[in-house]
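A.B. asks: Structure supplied as my_file-v2.txt; contents: compact mmCIF, C-alpha atoms.
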# COMPACT_ATOMS: atom_id res chain seq x y z
CA MET A 1 9.32 -16.65 9.11
CA MET A 2 7.52 -14.84 11.92
CA LYS A 3 4.69 -12.37 11.44
CA ILE A 4 4.39 -9.47 13.86
CA SER A 5 1.43 -7.12 13.70
CA PHE A 6 0.29 -4.23 15.81
CA GLU A 7 -2.54 -1.77 15.92
CA LEU A 8 -2.28 1.97 16.09
CA SER A 9 -4.71 3.58 18.50
CA ASP A 10 -6.47 6.86 17.82
CA LYS A 11 -3.85 8.45 20.09
CA ASP A 12 -1.05 6.94 17.97
CA LEU A 13 -2.68 8.20 14.78
CA ARG A 14 -3.09 11.66 16.33
CA TYR A 15 0.63 11.64 17.06
CA PHE A 16 1.51 10.88 13.42
CA ARG A 17 -0.96 13.55 12.19
CA GLN A 18 0.61 16.10 14.54
CA VAL A 19 4.13 15.21 13.42
CA LEU A 20 3.12 15.49 9.78
CA ALA A 21 1.45 18.86 10.42
CA LYS A 22 4.58 20.11 12.21
CA VAL A 23 6.82 18.95 9.38
CA ARG A 24 4.56 20.58 6.76
CA LYS A 25 4.70 23.92 8.55
CA GLY A 26 8.46 23.74 8.82
CA ARG A 27 8.92 22.69 5.18
CA ASN A 28 6.51 25.10 3.49
CA SER A 29 9.28 27.50 2.56
CA GLU A 30 11.61 24.75 1.37
CA ASN A 31 12.30 24.00 -2.22
CA GLU A 32 10.58 20.87 -3.49
CA ASP A 33 13.92 19.76 -4.94
CA VAL A 34 15.27 19.58 -1.38
CA ILE A 35 12.31 17.49 -0.21
CA LEU A 36 12.64 15.15 -3.20
CA GLY A 37 16.40 14.90 -2.75
CA GLU A 38 16.12 14.01 0.91
CA ALA A 39 13.37 11.44 0.26
CA LYS A 40 15.58 9.86 -2.43
CA ALA A 41 18.50 9.85 0.00
CA LEU A 42 16.36 7.97 2.54
CA LEU A 43 15.49 5.37 -0.12
CA ILE A 44 19.17 4.80 -0.87
CA GLU A 45 20.13 4.82 2.80
CA VAL A 46 17.57 2.16 3.74
CA LYS A 47 18.42 0.06 0.68
CA ASN A 48 22.06 -0.01 1.82
CA THR A 49 21.29 -1.13 5.37
CA ASP A 50 20.35 -4.41 6.94
CA ALA A 51 16.96 -3.04 8.02
CA PRO A 52 14.25 -5.70 8.26
CA GLN A 53 12.53 -6.57 4.99
CA PHE A 54 9.13 -5.22 6.09
CA ILE A 55 10.76 -1.83 6.67
CA ARG A 56 12.68 -1.93 3.40
CA SER A 57 9.59 -2.85 1.39
CA ARG A 58 7.55 -0.02 2.88
CA ILE A 59 10.26 2.60 2.45
CA ALA A 60 10.64 1.48 -1.18
CA GLN A 61 7.08 2.72 -1.77
CA LEU A 62 8.40 6.27 -1.51
CA SER A 63 9.71 5.86 -5.05
CA LYS A 64 6.08 5.91 -6.31
CA LEU A 65 5.45 9.23 -4.62
CA ILE A 66 8.69 10.70 -5.95
CA SER A 67 7.88 9.47 -9.46
CA MET A 68 4.41 11.05 -9.27
CA VAL A 69 5.98 14.45 -8.69
CA GLU A 70 8.81 14.08 -11.20
CA ASP A 71 6.95 12.46 -14.12
CA LYS A 72 6.73 15.11 -16.86
CA ASP A 73 3.84 13.38 -18.65
CA TRP A 74 1.79 12.98 -15.44
CA ARG A 75 2.20 16.69 -14.63
CA LEU A 76 0.86 16.62 -11.10
CA GLU A 77 0.02 20.23 -10.23
CA GLY A 78 -1.58 22.48 -7.64
CA GLU A 79 -3.15 20.93 -4.57
CA ASP A 80 -2.53 17.41 -5.87
CA ARG A 81 1.21 18.09 -6.08
CA LYS A 82 1.18 19.78 -2.69
CA ARG A 83 -0.46 16.74 -1.05
CA VAL A 84 2.29 14.42 -2.28
CA LEU A 85 5.06 16.88 -1.37
CA ASN A 86 3.55 17.33 2.11
CA ALA A 87 3.72 13.58 2.58
CA LEU A 88 7.32 13.41 1.35
CA ALA A 89 8.36 16.27 3.65
CA TYR A 90 8.05 13.94 6.64
CA PHE A 91 10.76 11.69 5.26
CA ALA A 92 13.09 14.64 4.81
CA ASP A 93 12.83 15.51 8.52
CA PRO A 94 15.86 14.36 10.52
CA ASP A 95 13.99 14.66 13.85
CA ASP A 96 11.64 11.74 13.60
CA LEU A 97 10.31 9.54 16.39
CA ILE A 98 13.05 6.88 16.29
CA PRO A 99 16.49 8.12 15.17
CA ASP A 100 17.41 6.37 11.93
CA ARG A 101 20.79 5.36 13.33
CA VAL A 102 19.20 2.94 15.86
CA PRO A 103 20.03 -0.52 14.44
CA GLY A 104 17.06 -2.59 13.35
CA LEU A 105 14.39 -0.15 14.49
CA GLY A 106 15.57 3.27 13.32
CA TYR A 107 13.34 3.25 10.27
CA LEU A 108 10.27 1.75 11.95
CA ASP A 109 8.51 5.10 12.36
CA ASP A 110 9.31 5.92 8.72
CA ALA A 111 7.81 2.57 7.64
CA ILE A 112 4.67 3.26 9.67
CA MET A 113 4.35 6.73 8.16
CA VAL A 114 4.81 5.32 4.64
CA GLU A 115 2.01 2.85 5.30
CA LEU A 116 -0.29 5.64 6.50
CA VAL A 117 0.65 8.01 3.66
CA VAL A 118 0.19 5.33 1.00
CA GLN A 119 -3.24 4.57 2.43
CA ASP A 120 -4.15 8.27 2.41
CA LEU A 121 -2.84 8.78 -1.14
CA LYS A 122 -4.30 5.56 -2.52
CA HIS A 123 -6.35 7.30 -5.22
CA GLU A 124 -3.35 9.32 -6.39
CA ILE A 125 -1.17 6.20 -6.52
CA GLU A 126 -3.83 4.13 -8.33
CA ALA A 127 -4.34 6.86 -10.94
CA PHE A 128 -0.61 7.31 -11.48
CA GLU A 129 -0.02 3.57 -11.82
CA ALA A 130 -2.87 3.33 -14.36
CA PHE A 131 -1.35 6.22 -16.31
CA VAL A 132 2.11 4.63 -16.34
CA ALA A 133 0.64 1.31 -17.51
CA PHE A 134 -1.36 3.07 -20.25
CA ARG A 135 1.70 4.99 -21.43
CA LYS A 136 3.79 1.80 -21.50
CA VAL A 137 1.24 -0.06 -23.63
CA LYS A 138 0.80 2.88 -26.00
CA ARG A 139 4.54 3.42 -26.41
CA LYS A 140 5.06 -0.27 -27.08
CA ALA A 141 2.38 -0.09 -29.77
CA ARG A 142 3.91 3.20 -30.98
CA ASP A 143 0.57 4.84 -30.32
CA ALA A 144 1.53 7.28 -27.55
CA SER A 145 0.65 10.62 -29.10
CA PRO A 146 0.88 13.60 -26.73
CA GLU A 147 -2.84 14.24 -27.22
CA ARG A 148 -3.76 10.67 -26.27
CA LEU A 149 -1.53 10.79 -23.15
CA GLU A 150 -2.98 14.18 -22.18
CA LYS A 151 -6.54 12.91 -22.52
CA ARG A 152 -5.78 9.84 -20.39
CA ARG A 153 -3.93 11.92 -17.79
CA ALA A 154 -6.83 14.36 -17.48
CA SER A 155 -9.31 11.51 -17.16
CA LEU A 156 -7.32 9.68 -14.49
CA GLN A 157 -6.60 12.82 -12.48
CA GLY A 158 -10.28 13.75 -12.60
CA ARG A 159 -11.23 10.27 -11.34
CA MET A 160 -8.58 10.56 -8.61
CA ARG A 161 -10.08 13.84 -7.36
CA ARG A 162 -13.65 12.49 -7.46
CA ARG A 163 -12.68 9.44 -5.43
CA ARG A 164 -10.76 11.55 -2.91
CA ARG A 165 -13.75 13.91 -2.59
CA GLY A 166 -16.03 10.89 -2.07
CA ASP A 167 -13.75 9.61 0.70
CA ARG A 168 -13.83 13.02 2.40
CA GLU A 169 -17.61 13.13 2.22
CA ARG A 170 -17.90 9.61 3.68
CA HIS A 171 -15.48 10.47 6.47
CA SER A 172 -17.36 13.68 7.31
CA ARG A 173 -20.74 11.88 7.37
CA THR A 174 -19.45 9.24 9.74
CA ARG A 175 -17.47 11.78 11.81
CA GLY A 176 -14.40 9.73 11.08
CA ARG A 177 -11.22 10.80 9.42
CA SER A 178 -8.60 9.15 7.36
CA PRO A 179 -5.60 7.89 9.34
CA ILE A 180 -3.29 10.72 8.33
CA SER A 181 -5.69 13.20 6.74
CA LEU A 182 -3.36 15.03 4.38
CA TRP A 183 -6.08 17.40 3.23
Would you encode the structure as structure tokens?
C.D. replies:
Amino acid sequence: MMKISFELSDKDLRYFRQVLAKVRKGRNSENEDVILGEAKALLIEVKNTDAPQFIRSRIAQLSKLISMVEDKDWRLEGEDRKRVLNALAYFADPDDLIPDRVPGLGYLDDAIMVELVVQDLKHEIEAFEAFVAFRKVKRKARDASPERLEKRRASLQGRMRRRRRGDRERHSRTRGRSPISLW
């Protein structure tokens, strides 16, 4: 096995932020079902190719973002929902940096964007994964009342927002910004 790594410069990160901003503007009027459908189609498309494993594993992370939006118990709403949908809109855009039809490398830009988006949405993903684990344990113990799930959901989403706000405050104090800056 060979390990290849690379660094993205500030200029590279600016490019990905600009592309994401362009996609968001173009997708604002689109139905979220279309965005979710196209992101799901990309998951299936990559799964059925011989794309390198590092690309396939990163693209597979889109399923977490899709699940966050679709999970009826999690009920992601408002700005939180919009942040995840904005991230997914990039993967529904056919005009990305490297055309997906280029063998071996066509999904590289998508894999990079997934990595950046997952880093930017880390608090949302952590909270959702904790909620799913809680629900699984409670259902197994037949102790998953709607009230208990609602209380846990509210608690985890509150923590998610506090952590995101803390990150923003740290970034503003240090004049830095998150790699993608979805907010």
A.B. asks: Taking all atoms listed in the file into account, which of A:Arg139, A:Arg56, A:His171, A:His123 comes nearest Gln157 (chain A)?
C.D. replies: A:His123
A.B. asks: Taking into account all atoms listed in the file, which residue in the set A:Leu116, A:Leu20, A:Ala39, A:Leu13 is nearest to Leu65 (chain A)?
C.D. replies: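 Between A:Leu116, A:Leu20, A:Ala39, A:Leu13, the residue approaching Leu65 (chain A) most closely is A:Ala39.
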A.B. asks: Under the rule that all atoms listed in the file are counted, which of A:Glu32, A:Glu79, A:Asp109, A:Asp120 is the nearest residue to Arg168 (chain A)?
C.D. replies: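 With all atoms listed in the file as the atom set, the closest residue is A:Asp120.
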